[in-house]
>>> print(open('target09.txt').read())   # compact mmCIF, C-alpha atoms and all ligand atoms
# COMPACT_ATOMS: atom_id res chain seq x y z
CA MET A 197 -37.32 -27.50 -34.46
CA GLN A 198 -36.08 -24.53 -32.53
CA LYS A 199 -34.99 -25.37 -29.00
CA GLU A 200 -36.34 -23.11 -26.24
CA ASN A 201 -34.09 -20.03 -26.12
CA GLY A 202 -31.94 -21.70 -28.75
CA ILE A 203 -30.73 -20.24 -32.03
CA ASP A 204 -33.47 -20.60 -34.64
CA VAL A 205 -31.36 -22.20 -37.35
CA GLU A 206 -34.45 -23.09 -39.38
CA PHE A 207 -35.35 -19.40 -39.59
CA ASP A 208 -31.77 -18.62 -40.47
CA LEU A 209 -31.76 -21.08 -43.36
CA ARG A 210 -35.06 -19.75 -44.66
CA HIS A 211 -34.59 -16.00 -44.24
CA ILE A 212 -30.97 -15.05 -43.76
CA TRP A 213 -28.45 -14.69 -46.56
CA HIS A 214 -24.94 -15.67 -45.50
CA PRO A 215 -21.80 -14.67 -47.42
CA TYR A 216 -21.48 -16.38 -50.80
CA THR A 217 -24.32 -18.83 -50.20
CA SER A 218 -27.45 -19.83 -52.07
CA THR A 219 -30.93 -19.30 -50.65
CA ILE A 220 -32.14 -22.24 -52.74
CA THR A 221 -29.59 -24.75 -51.51
CA PRO A 222 -28.20 -23.15 -48.36
CA LEU A 223 -25.14 -24.70 -46.83
CA PRO A 224 -25.43 -25.93 -43.24
CA CYS A 225 -24.92 -23.22 -40.64
CA TYR A 226 -23.31 -24.02 -37.30
CA PRO A 227 -24.85 -22.15 -34.35
CA VAL A 228 -22.08 -20.66 -32.19
CA THR A 229 -23.05 -19.48 -28.71
CA SER A 230 -19.71 -18.27 -27.39
CA ALA A 231 -16.03 -18.10 -28.19
CA LYS A 232 -12.99 -17.91 -25.95
CA GLY A 233 -9.30 -18.06 -26.79
CA VAL A 234 -8.96 -20.30 -29.84
CA TYR A 235 -12.24 -22.13 -29.17
CA LEU A 236 -15.67 -21.64 -30.70
CA THR A 237 -18.49 -23.27 -28.72
CA LEU A 238 -21.45 -24.61 -30.65
CA GLU A 239 -24.95 -24.66 -29.18
CA ASP A 240 -24.71 -28.38 -28.42
CA GLY A 241 -21.55 -27.76 -26.38
CA THR A 242 -19.09 -28.93 -29.06
CA GLN A 243 -15.82 -27.02 -28.89
CA LEU A 244 -13.96 -26.30 -32.08
CA ILE A 245 -10.38 -25.10 -32.44
CA ASP A 246 -10.57 -22.11 -34.73
CA GLY A 247 -8.28 -22.26 -37.75
CA MET A 248 -9.69 -19.18 -39.46
CA SER A 249 -9.35 -16.29 -36.96
CA SER A 250 -12.74 -15.26 -38.36
CA TRP A 251 -11.14 -14.52 -41.74
CA TRP A 252 -7.73 -13.19 -40.62
CA SER A 253 -9.04 -10.94 -37.87
CA ALA A 254 -9.15 -12.55 -34.37
CA ILE A 255 -5.38 -12.61 -33.95
CA HIS A 256 -5.43 -12.72 -30.11
CA GLY A 257 -8.33 -15.18 -29.93
CA TYR A 258 -11.90 -14.57 -28.85
CA ASN A 259 -13.26 -12.85 -25.76
CA HIS A 260 -9.89 -11.44 -24.81
CA PRO A 261 -10.25 -9.87 -21.34
CA GLN A 262 -8.30 -6.71 -22.22
CA LEU A 263 -10.16 -6.13 -25.49
CA THR A 264 -13.48 -6.73 -23.78
CA THR A 265 -12.61 -4.24 -21.03
CA ALA A 266 -11.47 -1.67 -23.60
CA ALA A 267 -14.84 -1.93 -25.37
CA LYS A 268 -16.82 -1.76 -22.12
CA THR A 269 -14.84 1.20 -20.80
CA GLN A 270 -15.32 3.15 -24.01
CA LEU A 271 -19.01 2.21 -24.13
CA ASP A 272 -19.53 4.01 -20.81
CA LYS A 273 -17.96 7.17 -22.24
CA MET A 274 -19.24 7.42 -25.81
CA SER A 275 -20.15 4.71 -28.27
CA HIS A 276 -20.29 6.88 -31.37
CA VAL A 277 -20.06 10.44 -32.51
CA MET A 278 -19.83 11.90 -36.00
CA PHE A 279 -16.27 12.52 -37.21
CA GLY A 280 -17.12 15.59 -39.28
CA GLY A 281 -15.84 18.58 -37.29
CA ILE A 282 -15.32 16.47 -34.16
CA THR A 283 -12.39 14.42 -32.92
CA HIS A 284 -11.79 12.21 -29.89
CA GLN A 285 -9.02 10.54 -27.93
CA PRO A 286 -9.48 6.94 -29.21
CA ALA A 287 -9.15 8.06 -32.84
CA VAL A 288 -6.19 10.37 -32.22
CA GLU A 289 -4.38 7.71 -30.19
CA LEU A 290 -5.02 5.09 -32.88
CA CYS A 291 -3.87 7.29 -35.75
CA LYS A 292 -0.69 8.20 -33.81
CA LYS A 293 0.01 4.49 -33.45
CA LEU A 294 -0.71 3.77 -37.12
CA VAL A 295 1.57 6.57 -38.27
CA ALA A 296 4.30 5.23 -35.98
CA ILE A 297 4.12 1.56 -37.01
CA THR A 298 3.29 1.67 -40.72
CA PRO A 299 6.07 1.90 -43.33
CA GLN A 300 8.04 5.07 -43.80
CA ASP A 301 6.32 8.34 -44.80
CA LEU A 302 2.77 7.05 -44.36
CA ASP A 303 1.58 9.81 -42.08
CA THR A 304 -2.00 10.74 -42.96
CA VAL A 305 -4.85 8.44 -41.92
CA PHE A 306 -8.37 8.14 -43.26
CA LEU A 307 -10.56 5.90 -41.08
CA ALA A 308 -13.40 3.81 -42.47
CA ASP A 309 -15.51 0.88 -41.47
CA SER A 310 -14.58 -2.15 -43.58
CA GLY A 311 -11.81 -3.44 -45.77
CA SER A 312 -13.75 -2.95 -48.98
CA VAL A 313 -14.42 0.68 -48.09
CA ALA A 314 -10.74 1.22 -47.28
CA VAL A 315 -10.00 0.04 -50.83
CA GLU A 316 -12.70 2.31 -52.31
CA VAL A 317 -11.11 5.18 -50.40
CA ALA A 318 -7.62 4.34 -51.67
CA LEU A 319 -8.80 4.17 -55.30
CA LYS A 320 -10.74 7.42 -54.97
CA MET A 321 -7.72 9.11 -53.40
CA ALA A 322 -5.61 8.09 -56.39
CA LEU A 323 -8.22 9.34 -58.88
CA GLN A 324 -8.61 12.66 -57.07
CA TYR A 325 -4.83 13.02 -56.79
CA TRP A 326 -4.37 12.96 -60.58
CA HIS A 327 -7.49 15.05 -61.16
CA ALA A 328 -6.04 17.74 -58.88
CA LYS A 329 -2.80 17.62 -60.86
CA GLY A 330 -4.78 18.26 -64.04
CA GLU A 331 -4.21 14.80 -65.48
CA TYR A 332 -7.10 12.56 -66.38
CA ARG A 333 -6.00 9.09 -65.28
CA SER A 334 -8.81 6.61 -64.96
CA SER A 335 -7.15 3.18 -64.99
CA PHE A 336 -5.71 0.96 -62.33
CA LEU A 337 -3.10 -1.71 -62.92
CA THR A 338 -3.49 -4.80 -60.78
CA LEU A 339 -2.84 -8.54 -60.77
CA ARG A 340 -4.66 -11.61 -61.99
CA HIS A 341 -5.88 -13.73 -59.06
CA GLY A 342 -6.03 -10.65 -56.86
CA TYR A 343 -8.90 -9.81 -54.55
CA HIS A 344 -9.75 -6.46 -52.99
CA GLY A 345 -13.30 -6.66 -51.67
CA ASP A 346 -16.94 -6.82 -52.67
CA THR A 347 -17.91 -3.21 -53.37
CA PHE A 348 -17.95 -1.85 -56.91
CA ALA A 349 -14.56 -0.19 -57.25
CA ALA A 350 -12.96 -2.99 -55.23
CA MET A 351 -14.58 -5.57 -57.52
CA SER A 352 -13.31 -3.72 -60.57
CA VAL A 353 -9.70 -4.30 -59.48
CA THR A 354 -10.41 -7.92 -58.58
CA ASP A 355 -9.57 -10.37 -61.37
CA PRO A 356 -12.75 -10.56 -63.49
CA ASP A 357 -11.86 -13.96 -64.96
CA ASN A 358 -10.69 -15.82 -61.89
CA SER A 359 -12.86 -14.64 -59.05
CA MET A 360 -16.26 -14.82 -57.48
CA HIS A 361 -17.04 -11.49 -59.14
CA SER A 362 -16.90 -12.73 -62.74
CA ILE A 363 -20.68 -12.35 -63.04
CA TYR A 364 -20.30 -8.56 -62.70
CA LYS A 365 -17.66 -8.30 -65.40
CA GLY A 366 -19.90 -6.47 -67.87
CA PHE A 367 -20.93 -3.83 -65.33
CA LEU A 368 -17.53 -2.89 -64.01
CA PRO A 369 -15.04 -0.34 -65.31
CA LYS A 370 -12.27 -2.14 -67.17
CA HIS A 371 -8.84 -1.96 -65.63
CA ILE A 372 -5.52 -3.52 -66.56
CA PHE A 373 -4.53 -6.93 -65.22
CA ALA A 374 -0.97 -8.24 -65.25
CA ASN A 375 -0.11 -11.90 -64.80
CA SER A 376 0.08 -12.88 -61.16
CA PRO A 377 3.49 -13.76 -59.74
CA GLN A 378 4.57 -17.36 -60.29
CA CYS A 379 7.69 -17.30 -58.13
CA GLY A 380 6.74 -18.58 -54.69
CA PHE A 381 7.91 -16.88 -51.51
CA TRP A 382 10.54 -19.54 -50.86
CA ASP A 383 11.58 -20.05 -54.53
CA GLU A 384 14.59 -18.59 -56.24
CA TRP A 385 13.67 -15.28 -57.89
CA ASN A 386 13.19 -15.34 -61.65
CA GLU A 387 13.31 -11.90 -63.29
CA ASP A 388 10.86 -13.03 -66.01
CA ASP A 389 8.16 -13.07 -63.35
CA ILE A 390 7.82 -9.28 -63.46
CA SER A 391 7.94 -8.91 -67.27
CA ASP A 392 4.18 -8.87 -67.96
CA PHE A 393 3.59 -6.34 -65.19
CA SER A 394 6.50 -4.25 -66.41
CA GLU A 395 5.24 -4.27 -70.03
CA LYS A 396 1.68 -3.38 -69.06
CA LEU A 397 2.92 -0.49 -66.95
CA ALA A 398 5.23 0.74 -69.70
CA GLN A 399 2.44 0.62 -72.32
CA ASN A 400 -0.26 2.27 -70.23
CA HIS A 401 1.42 4.40 -67.56
CA GLN A 402 -0.02 7.68 -68.79
CA GLN A 403 -3.54 6.49 -68.07
CA ILE A 404 -2.76 4.57 -64.86
CA ALA A 405 -3.68 6.35 -61.64
CA ALA A 406 -2.26 3.64 -59.40
CA VAL A 407 -1.11 0.08 -59.09
CA ILE A 408 -3.03 -1.88 -56.46
CA LEU A 409 -2.06 -5.30 -55.17
CA GLU A 410 -2.00 -7.54 -52.12
CA PRO A 411 1.60 -7.63 -50.89
CA ILE A 412 3.19 -11.12 -50.67
CA VAL A 413 -0.08 -13.07 -50.25
CA GLN A 414 -2.78 -13.19 -52.91
CA GLY A 415 -5.55 -14.30 -50.56
CA ALA A 416 -9.10 -14.98 -51.71
CA GLY A 417 -7.87 -15.30 -55.32
CA GLY A 418 -5.94 -18.50 -54.58
CA MET A 419 -3.79 -18.17 -51.44
CA GLN A 420 -0.57 -17.75 -53.40
CA LEU A 421 2.51 -16.65 -51.46
CA TYR A 422 4.81 -14.81 -53.81
CA HIS A 423 8.40 -13.63 -53.92
CA PRO A 424 9.37 -10.39 -52.14
CA THR A 425 11.45 -9.31 -55.16
CA TYR A 426 8.24 -9.07 -57.22
CA LEU A 427 7.00 -6.49 -54.74
CA ARG A 428 10.31 -4.64 -54.73
CA ARG A 429 10.25 -4.45 -58.53
CA VAL A 430 6.67 -3.14 -58.47
CA ARG A 431 7.77 -0.30 -56.19
CA GLU A 432 10.75 0.50 -58.42
CA LEU A 433 8.63 0.46 -61.59
CA CYS A 434 5.95 2.66 -60.03
CA ASP A 435 8.69 5.15 -59.14
CA ASP A 436 10.19 4.94 -62.64
CA TYR A 437 6.84 5.68 -64.30
CA GLY A 438 5.46 8.08 -61.68
CA VAL A 439 2.45 5.92 -60.81
CA LEU A 440 1.01 5.64 -57.29
CA PHE A 441 1.36 2.33 -55.49
CA ILE A 442 -1.45 1.07 -53.24
CA ALA A 443 -0.74 -1.90 -50.94
CA ASP A 444 -3.81 -3.76 -49.73
CA GLU A 445 -2.64 -5.11 -46.35
CA ILE A 446 -6.19 -5.81 -45.19
CA ALA A 447 -5.70 -9.56 -44.83
CA VAL A 448 -2.00 -9.73 -44.03
CA GLY A 449 -1.35 -6.61 -41.94
CA PHE A 450 -0.49 -6.82 -38.22
CA GLY A 451 1.96 -9.67 -38.26
CA ARG A 452 0.23 -12.47 -40.19
CA THR A 453 3.16 -13.11 -42.58
CA GLY A 454 5.89 -12.80 -39.93
CA LYS A 455 6.45 -9.08 -40.55
CA LEU A 456 4.20 -6.43 -39.04
CA PHE A 457 3.21 -5.48 -42.60
CA ALA A 458 3.84 -7.74 -45.58
CA CYS A 459 5.47 -4.83 -47.49
CA GLU A 460 8.36 -5.12 -45.02
CA HIS A 461 9.41 -8.43 -46.62
CA ALA A 462 10.51 -6.34 -49.60
CA ASN A 463 11.45 -3.32 -47.53
CA VAL A 464 9.09 -1.11 -49.52
CA SER A 465 6.75 1.66 -48.52
CA PRO A 466 3.60 2.12 -50.60
CA ASP A 467 2.06 5.52 -51.36
CA ILE A 468 -1.27 4.38 -49.95
CA MET A 469 -1.88 1.43 -47.65
CA CYS A 470 -5.18 -0.20 -46.64
CA VAL A 471 -5.58 -2.05 -43.33
CA GLY A 472 -8.60 -3.64 -41.66
CA LYS A 473 -9.54 -7.08 -40.32
CA ALA A 474 -6.95 -7.65 -37.51
CA LEU A 475 -6.87 -3.91 -36.72
CA THR A 476 -9.34 -4.48 -33.86
CA GLY A 477 -8.35 -8.08 -33.20
CA GLY A 478 -11.60 -9.08 -34.87
CA TYR A 479 -13.76 -7.30 -32.30
CA MET A 480 -15.21 -4.39 -34.24
CA THR A 481 -15.49 -3.35 -37.83
CA LEU A 482 -12.82 -0.76 -38.59
CA SER A 483 -10.37 -0.05 -41.39
CA ALA A 484 -7.91 2.64 -42.35
CA THR A 485 -6.35 4.00 -45.52
CA ILE A 486 -3.03 5.61 -44.77
CA THR A 487 -1.16 7.83 -47.20
CA ARG A 488 1.55 10.45 -47.43
CA LYS A 489 0.83 14.06 -46.58
CA TYR A 490 1.84 15.37 -50.00
CA ILE A 491 -0.71 13.04 -51.61
CA ALA A 492 -3.45 14.18 -49.22
CA ASP A 493 -2.47 17.82 -49.79
CA THR A 494 -2.51 17.36 -53.55
CA VAL A 495 -5.98 15.77 -53.38
CA CYS A 496 -7.21 18.75 -51.36
CA SER A 497 -5.57 21.31 -53.63
CA GLY A 498 -7.85 20.29 -56.48
CA GLU A 499 -11.19 21.59 -57.65
CA ALA A 500 -13.12 19.74 -54.93
CA GLY A 501 -11.01 21.31 -52.15
CA CYS A 502 -11.23 18.19 -50.02
CA PHE A 503 -11.37 14.43 -50.26
CA MET A 504 -14.89 13.45 -51.26
CA HIS A 505 -15.64 10.67 -48.80
CA GLY A 506 -17.17 10.59 -45.31
CA PRO A 507 -18.66 7.39 -43.89
CA THR A 508 -21.19 7.81 -41.05
CA PHE A 509 -19.26 5.46 -38.78
CA MET A 510 -15.86 6.89 -39.61
CA GLY A 511 -13.54 6.78 -36.60
CA ASN A 512 -16.09 5.00 -34.42
CA PRO A 513 -14.76 5.52 -30.86
CA LEU A 514 -15.62 2.01 -29.68
CA ALA A 515 -13.77 0.44 -32.59
CA CYS A 516 -10.80 2.82 -32.18
CA ALA A 517 -10.57 2.09 -28.43
CA VAL A 518 -10.51 -1.64 -29.10
CA ALA A 519 -7.96 -1.18 -31.90
CA ASN A 520 -5.69 0.74 -29.52
CA LYS A 521 -5.79 -2.08 -27.00
CA ASN A 522 -5.35 -4.64 -29.77
CA LEU A 523 -2.12 -2.99 -30.93
CA GLU A 524 -0.90 -2.82 -27.32
CA ILE A 525 -1.54 -6.56 -26.86
CA LEU A 526 0.19 -7.29 -30.16
CA GLU A 527 3.35 -5.77 -28.75
CA GLN A 528 2.98 -7.35 -25.26
CA ASN A 529 2.34 -10.80 -26.69
CA GLN A 530 5.54 -10.74 -28.72
CA TRP A 531 3.68 -11.59 -31.89
CA GLN A 532 6.92 -12.16 -33.79
CA GLN A 533 7.75 -15.16 -31.61
CA GLN A 534 4.18 -16.47 -31.78
CA VAL A 535 4.04 -16.24 -35.57
CA ALA A 536 7.58 -17.64 -35.99
CA ASN A 537 6.61 -20.67 -33.87
CA ILE A 538 3.52 -21.28 -36.00
CA GLU A 539 5.55 -21.01 -39.19
CA LYS A 540 8.17 -23.45 -37.89
CA GLN A 541 5.51 -25.99 -36.99
CA LEU A 542 3.66 -25.62 -40.31
CA ALA A 543 6.95 -26.23 -42.12
CA VAL A 544 7.14 -29.61 -40.38
CA GLU A 545 3.48 -30.66 -40.39
CA LEU A 546 2.22 -29.51 -43.81
CA PRO A 547 4.70 -31.59 -45.86
CA ARG A 548 3.15 -34.73 -44.32
CA ILE A 549 -0.21 -33.64 -45.75
CA ALA A 550 1.51 -33.18 -49.13
CA THR A 551 2.13 -36.94 -49.26
CA LEU A 552 -1.62 -37.56 -49.83
CA ASN A 553 -2.41 -38.05 -53.50
CA LYS A 554 -5.38 -35.63 -53.45
CA VAL A 555 -2.95 -32.86 -52.59
CA LYS A 556 -1.35 -30.77 -55.34
CA GLN A 557 0.80 -28.54 -53.16
CA VAL A 558 1.21 -27.27 -49.62
CA ARG A 559 2.62 -23.85 -48.77
CA TRP A 560 3.08 -21.73 -45.71
CA LEU A 561 4.32 -18.38 -44.48
CA GLY A 562 4.08 -16.90 -40.99
CA ALA A 563 0.76 -17.94 -39.49
CA ILE A 564 -0.71 -19.03 -42.84
CA GLY A 565 -0.92 -22.64 -44.00
CA VAL A 566 -2.36 -23.67 -47.38
CA VAL A 567 -3.24 -27.08 -48.80
CA GLU A 568 -4.11 -26.94 -52.48
CA LEU A 569 -5.97 -29.97 -53.85
CA HIS A 570 -6.24 -31.29 -57.40
CA GLN A 571 -10.05 -31.12 -57.30
CA PRO A 572 -12.55 -28.81 -55.55
CA VAL A 573 -14.05 -30.18 -52.34
CA ASN A 574 -17.67 -30.78 -51.48
CA MET A 575 -17.99 -27.85 -49.13
CA ALA A 576 -20.83 -29.11 -46.89
CA GLU A 577 -19.37 -32.57 -46.56
CA ILE A 578 -15.84 -31.53 -45.72
CA GLN A 579 -17.04 -28.78 -43.39
CA GLN A 580 -18.99 -31.37 -41.38
CA ALA A 581 -15.98 -33.69 -41.34
CA PHE A 582 -13.87 -30.89 -39.88
CA VAL A 583 -16.51 -30.12 -37.25
CA ASN A 584 -16.62 -33.82 -36.36
CA ALA A 585 -12.84 -33.64 -35.96
CA GLY A 586 -13.22 -30.71 -33.53
CA VAL A 587 -11.84 -27.94 -35.73
CA TRP A 588 -13.22 -24.93 -37.57
CA ILE A 589 -11.70 -24.77 -41.05
CA ARG A 590 -13.65 -23.37 -43.98
CA PRO A 591 -12.41 -24.73 -47.30
CA PHE A 592 -12.87 -22.83 -50.52
CA GLY A 593 -12.85 -24.51 -53.93
CA ARG A 594 -9.60 -26.47 -54.17
CA LEU A 595 -8.13 -24.80 -51.12
CA ILE A 596 -7.99 -25.79 -47.49
CA TYR A 597 -6.21 -23.11 -45.57
CA ILE A 598 -5.62 -22.07 -42.00
CA MET A 599 -4.72 -18.74 -40.44
CA PRO A 600 -5.17 -19.43 -36.72
CA PRO A 601 -5.08 -16.88 -33.90
CA TYR A 602 -1.45 -16.15 -32.95
CA ILE A 603 -2.10 -17.44 -29.41
CA ILE A 604 -2.69 -21.00 -30.64
CA THR A 605 -0.56 -23.56 -28.79
CA SER A 606 1.58 -26.12 -30.54
CA ALA A 607 -0.80 -28.92 -29.48
CA GLN A 608 -3.84 -27.02 -30.79
CA LEU A 609 -2.09 -26.29 -34.08
CA SER A 610 -1.29 -30.00 -34.42
CA CYS A 611 -5.02 -30.73 -33.98
CA LEU A 612 -5.69 -28.50 -37.01
CA THR A 613 -3.06 -30.08 -39.25
CA GLN A 614 -3.95 -33.61 -38.11
CA ALA A 615 -7.62 -32.95 -38.83
CA ILE A 616 -6.71 -31.85 -42.36
CA TYR A 617 -4.59 -34.96 -42.83
CA GLN A 618 -7.24 -37.35 -41.50
CA VAL A 619 -10.16 -35.77 -43.33
CA LEU A 620 -8.30 -35.74 -46.65
CA LYS A 621 -7.05 -39.27 -46.13
CA ARG A 622 -10.63 -40.48 -45.78
N1 LIG A 701 -8.82 -6.76 -49.41
C1 LIG A 701 -8.38 -8.00 -49.08
C2 LIG A 701 -6.98 -8.39 -49.46
C3 LIG A 701 -9.21 -8.89 -48.40
O1 LIG A 701 -8.76 -10.12 -48.10
C4 LIG A 701 -10.52 -8.47 -48.06
C5 LIG A 701 -11.48 -9.38 -47.32
N2 LIG A 701 -11.38 -10.71 -47.53
C6 LIG A 701 -10.93 -7.18 -48.41
C7 LIG A 701 -10.06 -6.36 -49.08
C8 LIG A 701 -12.30 -6.70 -48.07
O2 LIG A 701 -12.44 -6.52 -46.70
P1 LIG A 701 -13.89 -6.56 -46.03
O3 LIG A 701 -14.40 -7.95 -46.15
O4 LIG A 701 -13.64 -6.14 -44.60
O5 LIG A 701 -14.73 -5.57 -46.76
>>> encode(input="target09.txt", output="structure tokens")
Amino acid sequence: MQKENGIDVEFDLRHIWHPYTSTITPLPCYPVTSAKGVYLTLEDGTQLIDGMSSWWSAIHGYNHPQLTTAAKTQLDKMSHVMFGGITHQPAVELCKKLVAITPQDLDTVFLADSGSVAVEVALKMALQYWHAKGEYRSSFLTLRHGYHGDTFAAMSVTDPDNSMHSIYKGFLPKHIFANSPQCGFWDEWNEDDISDFSEKLAQNHQQIAAVILEPIVQGAGGMQLYHPTYLRRVRELCDDYGVLFIADEIAVGFGRTGKLFACEHANVSPDIMCVGKALTGGYMTLSATITRKYIADTVCSGEAGCFMHGPTFMGNPLACAVANKNLEILEQNQWQQQVANIEKQLAVELPRIATLNKVKQVRWLGAIGVVELHQPVNMAEIQQAFVNAGVWIRPFGRLIYIMPPYIITSAQLSCLTQAIYQVLKR
């Protein structure tokens, strides 16, 4: 029964489709009424320590006073205006910042409204680039166990055999998939790791418009943390064969791995980079695809005369204003120290979890902790156990992983790791 003025969860279960859930056997849904700092408050007053940062995004925690003020201030001026033929201060300020902080030579920004769209934009840029140069290149080279979003082009570069998109396999354009890296971030580098990628690039380079991959962390495809040398070799091979290199930093950008951008672990600069998620500290939906001016100019020198993309909510002023404040806070908060502290603590606390016999492996990097199990979990059951333990962790298949807000205290982080230990022990 719905409580008076309460959230109608019954209606929700009957009529609302949540991400990756069945309408026939819907998973339980927890009604959240507010969120502050690292805490989510459920309707019954239960407070949960958030281990997910709302899927990588709420890096400074929820209801941050400065982000809230930035949104309110901008709301009084202008909430939205079309970006065709019009510009505004929040967008210009944000793009200046992005050009300044992203890897070398990325100096031309295309704003969009979600991570998946940023990926669509990147892929379309690459296709138009080669078209303008008079070469018909229609393939992308990417990695097994990769993930790049839920829209069509993004799905087509997401591993068709090892992902939630397998059902669409027959409808998607076929691209080229190289074996995913096996060398972990902390392992010794093994040159054989790059051989399949290298061979596939050598065999097909004349038809490949771009390589696309998630730098250092393969996220939704298995939370694998791979060796920086793999990334460095990819950059070198793309240069050798004259193929564009797209880095999808949507999950890991803005400090999550201990570097501002994960590409920095390998000291490489991609030709096109996608960012989203933490760009607004999880407040608003905004993404960006950033490239080099010569690539943008080449795209525009072609038959079309411009880049053929223009989302209605491109450069939304509210989202840009919040993103500007978010990047300011990132600097003020000394994110490097925050993330380094989280990494240090995970390095101590996760190995204890690894002693449980259900656990296959634990791994960590920056503010990311992963517990891989031998068997998939019962999602509803384990979710409830975590809620009972006072934490918000959303397991996926055989993976229990955390990527908490950077502001999490050591005691709060211990609550997360202890909850994982206790729940798995039971
Ligand atoms: N790329 C990566 C690496 C992601 O992790 C995600 C989201 N999980 C996306 C793209 C898609 O972003 P969005 O959900 O904002 O469309």
>>> residues_around(input="target09.txt", residues="Lys621 in chain A", least_positions_apart="2", cutoff="9 Å", atoms="all atoms listed in the file", output="list in words")
Ile549, Leu552, Asn553, Lys554, Ile616, Tyr617, Gln618 and Val619 of chain A
>>> closest_residue(input="target09.txt", among="A:Gln403, A:Ser312, A:Thr613, A:Gln557", to="ligand LIG 701 (chain A)", atoms="all atoms listed in the file")
A:Ser312
>>> atom_distance(input="target09.txt", atom1="CA of Tyr426 in chain A", atom2="CA of Ala398 in chain A")
16.2 Å
>>> residues_around(input="target09.txt", residues="Thr354 in chain A", least_positions_apart="4", cutoff="8 Å", atoms="all atoms listed in the file", output="ChimeraX atom specification")
/A:338-345,350,359,361
>>> atom_distance(input="target09.txt", atom1="CA of Ala314 in chain A", atom2="CA of Asp246 in chain A")
26.5 Å
>>> closest_residue(input="target09.txt", among="A:Ala500, A:Met360, A:Val228, A:Met469", to="Ala416 in chain A", atoms="only C-alpha atoms")
A:Met360
>>> residues_near_ligand(input="target09.txt", ligand="ligand LIG 701 (chain A)", cutoff="9 Å", atoms="all atoms listed in the file", output="NGL selection string")
:A and (251-252 or 309-315 or 342-347 or 350 or 409-411 or 413-417 or 444-448 or 470-473 or 481-483)
>>> atom_distance(input="target09.txt", atom1="CA of Tyr597 in chain A", atom2="CA of Leu223 in chain A")
19.0 Å
>>> residues_around(input="target09.txt", residues="Ile538 in chain A", least_positions_apart="2", cutoff="8 Å", atoms="all atoms listed in the file", output="number ranges by chain")
A: 534-536, 540-542, 562-563, 602, 606, 609
>>> residues_around(input="target09.txt", residues="Leu337 in chain A", least_positions_apart="6", cutoff="7 Å", atoms="all atoms listed in the file", output="compact mmCIF listing (two decimals) with C-alpha atoms, in the coordinates of the input")
# COMPACT_ATOMS: atom_id res chain seq x y z
CA HIS A 371 -8.84 -1.96 -65.63
CA ILE A 372 -5.52 -3.52 -66.56
CA PHE A 373 -4.53 -6.93 -65.22
CA ILE A 404 -2.76 4.57 -64.86
CA ALA A 406 -2.26 3.64 -59.40
CA VAL A 407 -1.11 0.08 -59.09
CA ILE A 408 -3.03 -1.88 -56.46
>>> residues_near_point(input="target09.txt", point="(4.8, 8.3, -61.7)", cutoff="12 Å", atoms="only C-alpha atoms", output="PyMOL selection string")
chain A and resi 322+325-326+331+333+397-398+400-407+431-441+467
